[in-house]
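Asks: File name input34.cif; file contents mmCIF, C-alpha atoms; full text below.
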```
data_input
#
loop_
_atom_site.label_atom_id
_atom_site.label_comp_id
_atom_site.auth_asym_id
_atom_site.auth_seq_id
_atom_site.Cartn_x
_atom_site.Cartn_y
_atom_site.Cartn_z
CA MET A 866 6.47 21.62 -4.90
CA GLU A 867 8.54 18.81 -3.36
CA ILE A 868 7.09 16.66 -0.58
CA ARG A 869 9.53 15.18 1.93
CA ILE A 870 8.39 12.46 4.34
CA THR A 871 10.72 11.33 7.13
CA GLY A 872 10.30 8.43 9.56
CA LEU A 873 6.52 8.41 9.28
CA LYS A 874 4.72 5.90 11.50
CA LYS A 875 1.05 5.23 12.08
CA TYR A 876 -0.25 2.42 14.28
CA TYR A 877 -3.76 1.08 14.88
CA LYS A 878 -4.98 -1.31 17.53
CA SER A 879 -7.33 -4.09 16.46
CA GLU A 880 -8.49 -6.88 18.75
CA GLY A 881 -5.45 -6.45 20.96
CA ASN A 882 -3.01 -6.43 18.03
CA ILE A 883 -0.98 -3.48 16.78
CA ILE A 884 -1.28 -2.89 13.03
CA LYS A 885 1.52 -0.88 11.43
CA ALA A 886 -0.34 1.12 8.79
CA LEU A 887 2.81 3.18 8.16
CA ASP A 888 6.06 1.56 9.24
CA ASP A 889 8.88 4.12 9.16
CA VAL A 890 8.16 5.58 5.72
CA ASN A 891 10.90 7.74 4.18
CA LEU A 892 10.05 9.28 0.84
CA VAL A 893 10.81 12.27 -1.38
CA ILE A 894 8.16 13.14 -3.98
CA PRO A 895 9.77 15.40 -6.59
CA SER A 896 8.30 18.70 -7.74
CA ASN A 897 6.04 18.90 -10.80
CA ARG A 898 5.91 15.14 -11.31
CA ILE A 899 3.13 12.55 -11.14
CA PHE A 900 4.03 10.20 -8.29
CA THR A 901 1.88 7.10 -7.77
CA LEU A 902 1.58 5.08 -4.59
CA LEU A 903 0.80 1.56 -5.80
CA GLY A 904 -0.01 -1.47 -3.70
CA PRO A 905 -2.67 -3.94 -2.56
CA SER A 906 -5.55 -3.04 -0.29
CA GLY A 907 -4.40 -2.45 3.28
CA CYS A 908 -0.78 -1.69 2.39
CA GLY A 909 -0.94 1.86 3.82
CA LYS A 910 -1.06 3.95 0.65
CA THR A 911 -4.33 5.75 1.50
CA THR A 912 -3.17 6.31 5.09
CA LEU A 913 -0.02 7.93 3.71
CA LEU A 914 -2.04 10.11 1.34
CA ARG A 915 -4.43 11.18 4.11
CA SER A 916 -1.45 11.99 6.34
CA ILE A 917 -0.05 14.32 3.66
CA VAL A 918 -3.45 16.01 3.35
CA GLY A 919 -3.89 16.32 7.11
CA LEU A 920 -6.94 14.06 7.39
CA GLU A 921 -4.89 11.49 9.32
CA THR A 922 -2.55 12.17 12.25
CA PRO A 923 0.57 9.96 12.27
CA ASP A 924 2.21 8.80 15.49
CA GLU A 925 5.79 9.69 14.61
CA GLY A 926 7.79 11.41 11.89
CA GLU A 927 7.65 14.55 9.80
CA ILE A 928 5.95 15.80 6.63
CA GLN A 929 7.33 18.77 4.73
CA ILE A 930 5.66 20.36 1.70
CA GLY A 931 8.02 22.72 -0.08
CA ASP A 932 9.80 24.71 2.61
CA THR A 933 7.00 24.27 5.15
CA VAL A 934 6.87 21.52 7.76
CA VAL A 935 3.15 20.73 7.97
CA TRP A 936 3.40 17.98 10.57
CA SER A 937 6.12 16.94 13.00
CA SER A 938 5.90 14.80 16.12
CA LYS A 939 9.18 16.14 17.57
CA LYS A 940 8.54 19.81 16.77
CA LYS A 941 4.85 19.60 17.76
CA ILE A 942 3.73 21.07 14.44
CA PHE A 943 0.33 20.53 12.86
CA VAL A 944 -0.80 22.70 9.95
CA PRO A 945 -4.55 22.24 9.28
CA THR A 946 -5.65 20.74 5.98
CA GLU A 947 -7.10 23.99 4.64
CA LYS A 948 -3.75 25.77 5.11
CA ARG A 949 -1.59 23.21 3.29
CA SER A 950 -2.34 24.57 -0.23
CA LEU A 951 -3.46 21.17 -1.45
CA GLY A 952 -6.14 20.00 -3.86
CA MET A 953 -7.86 16.64 -3.39
CA VAL A 954 -9.85 14.39 -5.72
CA PHE A 955 -11.62 11.55 -3.91
CA GLN A 956 -12.74 8.13 -5.09
CA THR A 957 -16.39 9.20 -4.94
CA TYR A 958 -15.73 12.67 -6.50
CA ALA A 959 -17.89 14.27 -3.74
CA ILE A 960 -20.02 16.05 -6.34
CA TRP A 961 -23.01 17.81 -4.74
CA PRO A 962 -26.15 16.65 -6.58
CA HIS A 963 -28.20 19.75 -5.68
CA MET A 964 -25.70 22.09 -7.36
CA ASN A 965 -24.95 22.75 -11.00
CA VAL A 966 -21.46 22.41 -12.47
CA PHE A 967 -20.52 26.05 -11.87
CA ASN A 968 -21.44 26.01 -8.19
CA ASN A 969 -19.74 22.66 -7.60
CA ILE A 970 -16.48 24.09 -8.91
CA ALA A 971 -16.90 27.54 -7.36
CA TYR A 972 -17.71 26.22 -3.87
CA PRO A 973 -14.18 26.40 -2.37
CA LEU A 974 -13.74 29.94 -3.69
CA GLN A 975 -17.13 31.02 -2.35
CA ASN A 976 -16.08 29.76 1.09
CA GLN A 977 -13.00 31.97 0.89
CA LYS A 978 -15.23 35.02 0.20
CA ILE A 979 -13.46 35.72 -3.08
CA PRO A 980 -15.16 38.41 -5.19
CA ARG A 981 -17.80 37.12 -7.62
CA ALA A 982 -16.03 38.49 -10.71
CA GLU A 983 -12.80 36.65 -9.85
CA ILE A 984 -14.72 33.44 -9.11
CA GLU A 985 -16.41 33.57 -12.52
CA GLN A 986 -13.10 34.19 -14.27
CA ARG A 987 -11.29 31.32 -12.49
CA VAL A 988 -14.17 28.86 -12.95
CA ARG A 989 -14.43 29.74 -16.64
CA LYS A 990 -10.70 29.20 -17.09
CA VAL A 991 -10.64 25.82 -15.34
CA LEU A 992 -13.77 24.64 -17.21
CA GLU A 993 -11.99 25.40 -20.46
CA PHE A 994 -8.94 23.47 -19.26
CA VAL A 995 -10.95 20.30 -18.42
CA GLN A 996 -12.98 20.69 -21.62
CA LEU A 997 -16.35 21.35 -19.98
CA GLU A 998 -17.11 24.76 -21.48
CA GLY A 999 -20.85 25.25 -21.82
CA PHE A 1000 -21.64 22.89 -18.94
CA GLU A 1001 -21.80 25.63 -16.27
CA LYS A 1002 -25.57 25.36 -15.73
CA ARG A 1003 -25.79 21.58 -16.18
CA PRO A 1004 -27.18 19.85 -13.04
CA ALA A 1005 -24.62 17.52 -11.47
CA THR A 1006 -27.10 14.63 -11.70
CA ARG A 1007 -27.04 14.89 -15.51
CA LEU A 1008 -23.31 14.31 -15.83
CA SER A 1009 -21.63 11.07 -16.91
CA GLY A 1010 -19.05 9.43 -14.68
CA GLY A 1011 -16.20 10.82 -16.75
CA GLN A 1012 -17.69 14.33 -16.64
CA GLN A 1013 -18.11 14.13 -12.86
CA GLN A 1014 -14.45 13.14 -12.59
CA ARG A 1015 -13.52 16.26 -14.58
CA VAL A 1016 -15.70 18.46 -12.37
CA ALA A 1017 -13.91 17.06 -9.30
CA LEU A 1018 -10.56 17.80 -10.95
CA ALA A 1019 -11.69 21.33 -11.86
CA ARG A 1020 -12.84 22.00 -8.29
CA ALA A 1021 -9.45 20.84 -6.98
CA LEU A 1022 -7.60 23.04 -9.48
CA VAL A 1023 -9.66 26.22 -9.15
CA ALA A 1024 -8.06 27.05 -5.79
CA LYS A 1025 -4.61 26.98 -7.46
CA PRO A 1026 -3.06 24.33 -5.19
CA LYS A 1027 0.66 23.66 -5.00
CA VAL A 1028 0.01 19.92 -4.85
CA ILE A 1029 -2.96 17.83 -5.97
CA LEU A 1030 -3.73 14.41 -4.52
CA PHE A 1031 -5.88 11.62 -5.95
CA ASP A 1032 -7.39 8.72 -3.99
CA GLU A 1033 -8.30 6.05 -6.60
CA PRO A 1034 -10.43 8.55 -8.59
CA LEU A 1035 -11.12 6.24 -11.56
CA SER A 1036 -12.18 3.10 -9.71
CA ASN A 1037 -15.91 3.79 -10.17
CA LEU A 1038 -15.69 4.09 -13.96
CA ASP A 1039 -16.23 1.25 -16.41
CA ALA A 1040 -13.14 -0.17 -18.16
CA LYS A 1041 -13.42 1.79 -21.43
CA LEU A 1042 -14.18 5.11 -19.74
CA ARG A 1043 -11.40 4.51 -17.23
CA GLU A 1044 -8.91 4.05 -20.08
CA GLU A 1045 -10.07 7.24 -21.83
CA THR A 1046 -10.09 9.27 -18.61
CA ARG A 1047 -6.61 8.28 -17.49
CA LYS A 1048 -5.25 9.46 -20.86
CA GLU A 1049 -6.97 12.81 -20.34
CA LEU A 1050 -5.77 13.03 -16.74
CA ARG A 1051 -2.17 12.32 -17.74
CA SER A 1052 -2.40 15.06 -20.37
CA PHE A 1053 -3.96 17.55 -17.92
CA LEU A 1054 -1.39 16.97 -15.17
CA THR A 1055 1.57 17.08 -17.56
CA GLU A 1056 0.37 20.38 -18.99
CA LEU A 1057 -0.19 21.84 -15.52
CA GLU A 1058 3.36 21.06 -14.34
CA ILE A 1059 2.03 20.47 -10.85
CA THR A 1060 3.08 17.97 -8.18
CA ALA A 1061 0.53 15.16 -8.17
CA VAL A 1062 0.29 12.24 -5.74
CA TYR A 1063 -1.90 9.44 -7.00
CA VAL A 1064 -3.08 6.37 -5.06
CA THR A 1065 -4.19 3.20 -6.84
CA HIS A 1066 -4.09 -0.59 -6.66
CA ASP A 1067 -4.41 -0.81 -10.46
CA ARG A 1068 -1.02 -1.54 -12.05
CA VAL A 1069 -2.11 -0.47 -15.56
CA GLU A 1070 -3.30 2.86 -14.19
CA ALA A 1071 0.01 3.35 -12.39
CA LEU A 1072 2.09 2.49 -15.46
CA ALA A 1073 0.03 4.72 -17.77
CA LEU A 1074 -0.15 7.80 -15.54
CA SER A 1075 3.07 8.01 -13.58
CA ASP A 1076 6.44 9.64 -13.86
CA ASN A 1077 7.49 7.67 -10.79
CA ILE A 1078 5.91 4.80 -8.85
CA GLY A 1079 6.38 3.89 -5.20
CA VAL A 1080 5.27 0.31 -4.52
CA MET A 1081 3.99 -0.23 -0.96
CA ARG A 1082 3.60 -3.36 1.11
CA ASN A 1083 2.74 -3.75 4.80
CA GLY A 1084 3.13 -0.06 5.54
CA ARG A 1085 6.52 0.33 3.87
CA ILE A 1086 7.85 1.59 0.55
CA VAL A 1087 9.35 -1.51 -1.09
CA GLU A 1088 10.70 0.05 -4.28
CA ILE A 1089 10.65 3.32 -6.23
CA GLY A 1090 11.28 3.89 -9.92
CA ASP A 1091 9.87 5.07 -13.21
CA PRO A 1092 7.27 2.77 -14.86
CA LYS A 1093 9.76 1.01 -17.16
CA LYS A 1094 12.21 0.41 -14.34
CA ILE A 1095 9.51 -1.02 -12.10
CA TYR A 1096 8.11 -3.24 -14.86
CA PHE A 1097 11.29 -4.46 -16.57
CA HIS A 1098 13.91 -4.20 -13.82
CA ALA A 1099 12.17 -4.73 -10.48
CA GLU A 1100 14.48 -5.70 -7.63
CA HIS A 1101 12.01 -7.61 -5.45
CA GLN A 1102 9.78 -10.61 -6.14
CA PHE A 1103 6.74 -8.86 -4.66
CA VAL A 1104 7.16 -5.86 -6.97
CA ALA A 1105 7.77 -7.97 -10.08
CA ASP A 1106 4.68 -10.05 -9.37
CA PHE A 1107 2.40 -7.17 -8.37
CA ILE A 1108 3.20 -4.93 -11.34
CA GLY A 1109 2.30 -7.62 -13.88
CA ARG A 1110 1.67 -11.32 -14.37
CA SER A 1111 4.91 -13.23 -13.94
CA ASN A 1112 6.36 -16.71 -13.81
CA LEU A 1113 8.41 -16.77 -10.61
CA ILE A 1114 10.84 -19.68 -10.65
CA PRO A 1115 13.21 -20.32 -7.69
CA ALA A 1116 16.84 -20.55 -8.80
CA VAL A 1117 20.46 -20.67 -7.68
CA VAL A 1118 23.21 -18.71 -9.41
CA GLU A 1119 25.81 -21.17 -10.75
CA LYS A 1120 28.26 -18.68 -12.23
CA LYS A 1121 28.52 -15.20 -13.67
CA ASP A 1122 30.81 -13.11 -15.82
CA ALA A 1123 30.75 -9.67 -17.40
CA ASN A 1124 28.06 -10.78 -19.88
CA GLY A 1125 25.53 -12.25 -17.45
CA SER A 1126 24.69 -15.11 -15.13
CA ILE A 1127 23.81 -18.77 -15.46
CA VAL A 1128 21.18 -19.96 -13.00
CA ARG A 1129 19.85 -23.42 -12.19
CA THR A 1130 16.10 -24.02 -11.82
CA ASP A 1131 13.81 -27.04 -11.61
CA ILE A 1132 13.02 -26.65 -15.33
CA GLY A 1133 16.62 -26.29 -16.49
CA GLN A 1134 19.42 -23.80 -16.80
CA PHE A 1135 18.79 -20.20 -17.83
CA VAL A 1136 21.22 -17.60 -19.08
CA CYS A 1137 20.30 -14.16 -17.73
CA SER A 1138 21.86 -10.85 -18.70
CA GLN A 1139 22.03 -9.59 -15.10
CA THR A 1140 25.22 -9.70 -13.03
CA ASP A 1141 23.80 -8.49 -9.72
CA PHE A 1142 24.17 -11.73 -7.75
CA ASP A 1143 27.18 -13.82 -6.72
CA PRO A 1144 27.49 -17.58 -7.35
CA GLN A 1145 25.43 -19.75 -4.97
CA SER A 1146 23.00 -16.88 -4.34
CA LYS A 1147 19.37 -17.96 -4.05
CA VAL A 1148 17.26 -15.88 -6.41
CA VAL A 1149 13.96 -15.97 -8.29
CA VAL A 1150 13.78 -15.90 -12.10
CA CYS A 1151 10.93 -13.63 -13.18
CA ILE A 1152 9.67 -14.28 -16.72
CA ARG A 1153 6.75 -12.28 -18.09
CA PRO A 1154 4.28 -14.37 -20.19
CA GLU A 1155 4.54 -11.95 -23.12
CA PHE A 1156 8.31 -12.56 -23.43
CA VAL A 1157 7.99 -16.29 -24.03
CA GLU A 1158 8.68 -17.13 -27.70
CA LEU A 1159 7.67 -20.27 -29.59
CA VAL A 1160 10.47 -22.38 -31.08
CA SER A 1161 9.73 -24.47 -34.19
CA ALA A 1162 10.95 -28.07 -34.18
CA ASP A 1163 12.91 -27.54 -37.41
CA GLU A 1164 14.82 -24.41 -36.37
CA PRO A 1165 18.05 -24.20 -34.31
CA LYS A 1166 17.34 -24.00 -30.62
CA PRO A 1167 18.12 -20.55 -29.20
CA VAL A 1168 19.48 -20.10 -25.71
CA ASN A 1169 17.02 -20.82 -22.85
CA THR A 1170 14.91 -23.28 -24.87
CA VAL A 1171 12.49 -25.34 -22.78
CA SER A 1172 10.17 -28.21 -23.76
CA GLY A 1173 6.73 -28.82 -22.28
CA ILE A 1174 3.11 -29.80 -22.86
CA VAL A 1175 0.29 -27.34 -23.51
CA GLU A 1176 -2.24 -27.60 -20.69
CA SER A 1177 -4.65 -24.80 -21.60
CA MET A 1178 -5.32 -22.26 -24.35
CA VAL A 1179 -7.67 -19.35 -23.62
CA PHE A 1180 -8.47 -16.96 -26.47
CA VAL A 1181 -8.68 -13.36 -25.21
CA GLY A 1182 -8.63 -11.44 -28.50
CA GLU A 1183 -5.19 -10.52 -29.74
CA VAL A 1184 -3.48 -13.41 -27.91
CA TYR A 1185 -3.96 -16.82 -26.39
CA GLU A 1186 -3.27 -17.01 -22.67
CA SER A 1187 -1.79 -20.44 -22.17
CA GLU A 1188 -0.31 -22.67 -19.48
CA ILE A 1189 2.50 -25.06 -20.32
CA LYS A 1190 3.55 -27.85 -18.01
CA VAL A 1191 7.32 -28.20 -17.73
CA GLU A 1192 8.30 -30.99 -15.34
CA ASN A 1193 6.17 -30.12 -12.29
CA THR A 1194 6.03 -26.41 -13.03
CA GLN A 1195 3.25 -24.45 -14.72
CA VAL A 1196 4.54 -21.71 -17.03
CA MET A 1197 2.15 -18.94 -18.11
CA VAL A 1198 2.65 -17.70 -21.66
CA LYS A 1199 0.97 -15.43 -24.19
CA PHE A 1200 0.95 -16.68 -27.78
CA PRO A 1201 -0.21 -14.82 -30.92
CA ALA A 1202 -3.85 -15.42 -31.83
CA THR A 1203 -2.69 -17.01 -35.10
CA VAL A 1204 -0.85 -19.88 -33.39
CA ASP A 1205 -2.17 -23.41 -34.05
CA LEU A 1206 -1.89 -25.23 -30.74
CA SER A 1207 -4.26 -27.28 -28.57
CA PRO A 1208 -4.13 -28.69 -25.05
CA GLY A 1209 -1.97 -31.82 -25.01
CA ASP A 1210 0.39 -30.66 -27.78
CA PRO A 1211 4.14 -30.79 -27.15
CA VAL A 1212 5.78 -27.39 -27.49
CA GLN A 1213 9.18 -25.73 -27.28
CA PHE A 1214 9.68 -22.14 -26.17
CA SER A 1215 12.54 -19.85 -25.29
CA VAL A 1216 13.18 -16.67 -23.34
CA ARG A 1217 15.87 -14.17 -24.26
CA PRO A 1218 18.51 -13.52 -21.55
CA GLU A 1219 17.52 -9.86 -21.22
CA HIS A 1220 13.96 -10.97 -20.38
CA CYS A 1221 15.06 -13.32 -17.56
CA LEU A 1222 14.85 -10.96 -14.60
CA LEU A 1223 16.57 -12.03 -11.40
CA VAL A 1224 14.95 -10.75 -8.19
CA THR A 1225 15.25 -11.38 -4.46
CA GLU A 1226 12.55 -13.07 -2.45
#
```
Turn the structure described in the file into C-alpha cells.

Replies:
Amino acid sequence: MEIRITGLKKYYKSEGNIIKALDDVNLVIPSNRIFTLLGPSGCGKTTLLRSIVGLETPDEGEIQIGDTVVWSSKKKIFVPTEKRSLGMVFQTYAIWPHMNVFNNIAYPLQNQKIPRAEIEQRVRKVLEFVQLEGFEKRPATRLSGGQQQRVALARALVAKPKVILFDEPLSNLDAKLREETRKELRSFLTELEITAVYVTHDRVEALALSDNIGVMRNGRIVEIGDPKKIYFHAEHQFVADFIGRSNLIPAVVEKKDANGSIVRTDIGQFVCSQTDFDPQSKVVVCIRPEFVELVSADEPKPVNTVSGIVESMVFVGEVYESEIKVENTQVMVKFPATVDLSPGDPVQFSVRPEHCLLVTE
C-alpha cells in the first residue's frame, strides 16, 4: 500500500516563535517496502509519523494511503485513525500488565466484536509468526523486553493492517538485544510483504532494517535513498555526517575530467572519482575513518597519500580508533587492532579516489 504525502505542513507556537515541525514535506513511500524516517531529535520525523496515523493534525497538505485520501486541508477530509487500516508499534510497546499474552494481542479484535473462534485462530497464527507459540497464558509482566516487542508487533499485525508504523520501538532494549531484535524484525517485515514506516534516530538501525531511508532535518526531507546510497553516495554534508562518522574537509574543485576531480584542501590535493561539480565549486570532502589506509615508508606512495602525527589511539576491540594531526586538521581513522602505533608517531595514510565523497554544504 503506497503512501503519498503532498505539501504537508505543521507549525507550533513556542514562546512567541513559530516552529516548523513539518515544512512542506513531499514524499512517496512505496508499497511493500520498509521505509525509515531517520534524523535527530526534533527534526519532525515523529510528527510526520503521527500525522500519517491520524494522531496529529497538520496545518496544510494532503495524505493519501493507497487510493484513499485520509487527510486534506483543501478538501476538508479527515479519516479517523481507526478507519485508516494501520497498525502501530510504539516506543513503550503499550503492553497491558494485567493481561496475559493472548489477551494483549486479541484486544483490538475483541473491540471489533469479532467472533471468539476467529479471534483464537488469528491470534494463534500471529503468535506462530512472531515465534511466541506456547506463551498465550504467560502474564505480560513475565516477558523479556524482546518478547514484549514481539507481542506489540503481533497485536499490530493481528488486525491485518495495510500499513504498519513503528515509533522507535527498539530504543528501550539493551544493545545486544536490540541487535538481535532488529534482525528478527527485518525478517518478519520482509516475509510479510507489507508497507512499513519506521522512525528512528539510530543510523545503524536504519541501515540494517531499511529498503529506503528518508533523512529529515528541521521539518524537511533532506535526502532519500537505499542504505548503500545514503551511506556511500550522500549528496549533502548533513546526511554524510549523520549517517556515520566522517572527516568533513572543506575543498575547492581545481579541475575535472571524465575520470574524476582534483580538489584542493588545507591538507593537500585529493583525487576523487566524482565528476558532479564544476571547477571552482566549493565542496566538502567526506572521508569515512574506515576507508583510511596505512602507507608503509618503504612502499610507493599511492594517490591521496597524506603525512601526519598520531595524536590518540583508542582500542575498541577489532580496531583502534585514532586521531591524526595533519597541519591544523584532525583526521579520524580506524586502524586494524594489529597495528603497532603510539601517540606521537609519524604516519602516512592514503584514501582511494572512490572513497573521497564530494558533498555540498

Asks: Edge lengths and centre in Å to one decimal, as lines of an AutoDock Vina configuration file, is what I'm after for the box along x, y and z that holds all listed atoms of stretch 917-934 of chain A once 6 Å is added on each side.

Replies:
```
center_x = 1.4
center_y = 16.8
center_z = 7.7
size_x = 28.7
size_y = 27.9
size_z = 27.6
```

Asks: Could you make a table, as a tab-separated table, of the residues of stretch 1046-1122 of chain A that have an atom within 12 Å of an atom of stretch 956-972 of chain A, each with its nearest atom pair and distance in Å to one decimal, counting all atoms listed in the file, in chain and number order?

Replies:
```
residue	atom	partner	partner_atom	distance
A:Tyr1063	CA	A:Gln956	CA	11.1
A:Val1064	CA	A:Gln956	CA	9.8
A:Thr1065	CA	A:Gln956	CA	10.0
```

Asks: Where does the PyMOL selection byres ((chain A and resi 1019-1023) around 6) land in this file, that is, which residues does it pick, as a list in words?

Replies: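 On this input, the PyMOL selection byres ((chain A and resi 1019-1023) around 6) captures Gly952, Met953, Ile970, Val991, Val1016, Ala1017, Leu1018, Ala1024 and Lys1025 of chain A.
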
Asks: Given the file above and the PyMOL selection byres ((chain A and resi 1061) around 7), which residues are selected, and can you give them as an MDAnalysis selection string?

Replies: chainID A and resid 898:900 1028:1030 1059:1060 1062:1063

Asks: Can you tell me, as a PDB file with C-alpha atoms, in the frame of the given file, what residues are no more than 9 Å from A:Asp1067 when counting all atoms listed in the file, ignoring any on the same chain fewer than 5 positions away?

Replies:
```
ATOM      1  CA  LEU A 903       0.800   1.560  -5.800  1.00  0.00           C
ATOM      2  CA  GLY A 904      -0.010  -1.470  -3.700  1.00  0.00           C
ATOM      3  CA  PRO A 905      -2.670  -3.940  -2.560  1.00  0.00           C
ATOM      4  CA  GLU A1033      -8.300   6.050  -6.600  1.00  0.00           C
ATOM      5  CA  SER A1036     -12.180   3.100  -9.710  1.00  0.00           C
ATOM      6  CA  LEU A1072       2.090   2.490 -15.460  1.00  0.00           C
ATOM      7  CA  ILE A1108       3.200  -4.930 -11.340  1.00  0.00           C
TER       8      ILE A1108
END
```

Asks: At what distance in Å, to one decimal, does atom CA of A:Val1069 lie from atom CA of A:Leu1035?

Replies: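 Pair atom CA of A:Leu1035 / atom CA of A:Val1069 returns 11.9 Å.
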
Asks: Would you list the residues near (-1.9, -19.5, -21.8), meaning any protein, DNA or RNA residue with an atom at most 7 Å from that point in file coordinates, counting all atoms listed in the file, as a PDB file with C-alpha atoms, keeping the file's coordinate frame?

Replies:
```
ATOM      1  CA  SER A1177      -4.650 -24.800 -21.600  1.00  0.00           C
ATOM      2  CA  MET A1178      -5.320 -22.260 -24.350  1.00  0.00           C
ATOM      3  CA  VAL A1179      -7.670 -19.350 -23.620  1.00  0.00           C
ATOM      4  CA  TYR A1185      -3.960 -16.820 -26.390  1.00  0.00           C
ATOM      5  CA  GLU A1186      -3.270 -17.010 -22.670  1.00  0.00           C
ATOM      6  CA  SER A1187      -1.790 -20.440 -22.170  1.00  0.00           C
ATOM      7  CA  GLU A1188      -0.310 -22.670 -19.480  1.00  0.00           C
ATOM      8  CA  MET A1197       2.150 -18.940 -18.110  1.00  0.00           C
ATOM      9  CA  VAL A1198       2.650 -17.700 -21.660  1.00  0.00           C
ATOM     10  CA  LYS A1199       0.970 -15.430 -24.190  1.00  0.00           C
TER      11      LYS A1199
END
```

Asks: Pick the closest to A:Thr1055 from A:Gln977, A:Thr871, A:Asn897, A:Ser950: which is it, counting only C-alpha atoms?

Replies: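 Among A:Gln977, A:Thr871, A:Asn897, A:Ser950, it is A:Asn897 that comes nearest to A:Thr1055.
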
Asks: Take the PyMOL selection byres ((chain A and resi 1155) around 8), apply it to the structure above, and return the hits as a list in words.

Replies: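 Applied to this file, the PyMOL selection byres ((chain A and resi 1155) around 8) selects Arg1153, Pro1154, Phe1156, Val1157, Val1198, Lys1199 and Phe1200 of chain A.
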
Asks: Write a file of the just-selected residues containing C-alpha atoms, as an mmCIF file, in the coordinates of the input.

Replies:
```cif
data_model
loop_
_atom_site.group_PDB
_atom_site.id
_atom_site.type_symbol
_atom_site.label_atom_id
_atom_site.label_comp_id
_atom_site.auth_asym_id
_atom_site.auth_seq_id
_atom_site.Cartn_x
_atom_site.Cartn_y
_atom_site.Cartn_z
ATOM 1 C CA ARG A 1153 6.750 -12.280 -18.090
ATOM 2 C CA PRO A 1154 4.280 -14.370 -20.190
ATOM 3 C CA PHE A 1156 8.310 -12.560 -23.430
ATOM 4 C CA VAL A 1157 7.990 -16.290 -24.030
ATOM 5 C CA VAL A 1198 2.650 -17.700 -21.660
ATOM 6 C CA LYS A 1199 0.970 -15.430 -24.190
ATOM 7 C CA PHE A 1200 0.950 -16.680 -27.780
#
```

Asks: Interatomic distance between atom CA of A:Pro1201 and atom CA of A:Gly1133?

Replies: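 Separation between atom CA of A:Pro1201 and atom CA of A:Gly1133: 25.0 Å.
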
Asks: Given only C-alpha atoms as the basis, pick out the residue of A:Gly1209, A:Pro1218, A:Gly1010, A:Pro1092 nearest to A:Gly1109.

Replies: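 Closest to A:Gly1109 of all the choices is A:Pro1092.
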
Asks: Quick one: pull the distance between atom CA of A:Glu927 and atom CA of A:Leu873, Å, one decimal.

Replies: 6.3 Å

Asks: Up to 12 Å from (16.1, -7.5, -21.4) in the file's coordinates: name the residues, counting all atoms listed in the file, as a ChimeraX atom specification.

Replies: /A:1093-1094,1096-1099,1125,1136-1139,1151-1153,1156,1216-1223

Asks: If you count only C-alpha atoms, which residues fall within 12 Å of A:Gln996, apart from same-chain ones fewer than 3 positions away, as a ChimeraX atom specification?

Replies: /A:988-993,999-1001,1011-1012,1014-1016,1018-1019,1049-1050,1053

Asks: Could you write out that same residue set with C-alpha atoms as a compact mmCIF listing (two decimals), in the frame of the given file?

Replies:
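After the write, result_21.txt holds the following:
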```txt
# COMPACT_ATOMS: atom_id res chain seq x y z
CA VAL A 988 -14.17 28.86 -12.95
CA ARG A 989 -14.43 29.74 -16.64
CA LYS A 990 -10.70 29.20 -17.09
CA VAL A 991 -10.64 25.82 -15.34
CA LEU A 992 -13.77 24.64 -17.21
CA GLU A 993 -11.99 25.40 -20.46
CA GLY A 999 -20.85 25.25 -21.82
CA PHE A 1000 -21.64 22.89 -18.94
CA GLU A 1001 -21.80 25.63 -16.27
CA GLY A 1011 -16.20 10.82 -16.75
CA GLN A 1012 -17.69 14.33 -16.64
CA GLN A 1014 -14.45 13.14 -12.59
CA ARG A 1015 -13.52 16.26 -14.58
CA VAL A 1016 -15.70 18.46 -12.37
CA LEU A 1018 -10.56 17.80 -10.95
CA ALA A 1019 -11.69 21.33 -11.86
CA GLU A 1049 -6.97 12.81 -20.34
CA LEU A 1050 -5.77 13.03 -16.74
CA PHE A 1053 -3.96 17.55 -17.92
```

Asks: Which residue gives the smallest distance to A:Ala1116 among A:Ile1089, A:Val890, A:Val1149, A:Val944, with only C-alpha atoms counted?

Replies: A:Val1149

Asks: Using only C-alpha atoms, pick whichever of A:Ser1207, A:Gln1213, A:Phe1135, A:Pro1034 has the shortest atom-to-atom distance to A:Lys1166.

Replies: A:Gln1213

Asks: Which is closest to A:Gly931 among A:Arg1110, A:Lys1027, A:Arg1043, A:Arg1007, if we use all atoms listed in the file?

Replies: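 Looking at the shortest contact to A:Gly931, the residue is A:Lys1027.
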
Asks: Taking 2 positions as the minimum chain separation for residues in the same chain, which residues sit within 10 Å of A:Arg1085 when counting all atoms listed in the file? Answer as a list of chain:residue names.

Replies: A:Leu873, A:Lys874, A:Lys885, A:Ala886, A:Leu887, A:Asp888, A:Asp889, A:Val890, A:Asn891, A:Cys908, A:Gly909, A:Lys910, A:Gly1079, A:Val1080, A:Met1081, A:Arg1082, A:Asn1083, A:Val1087, A:Glu1088
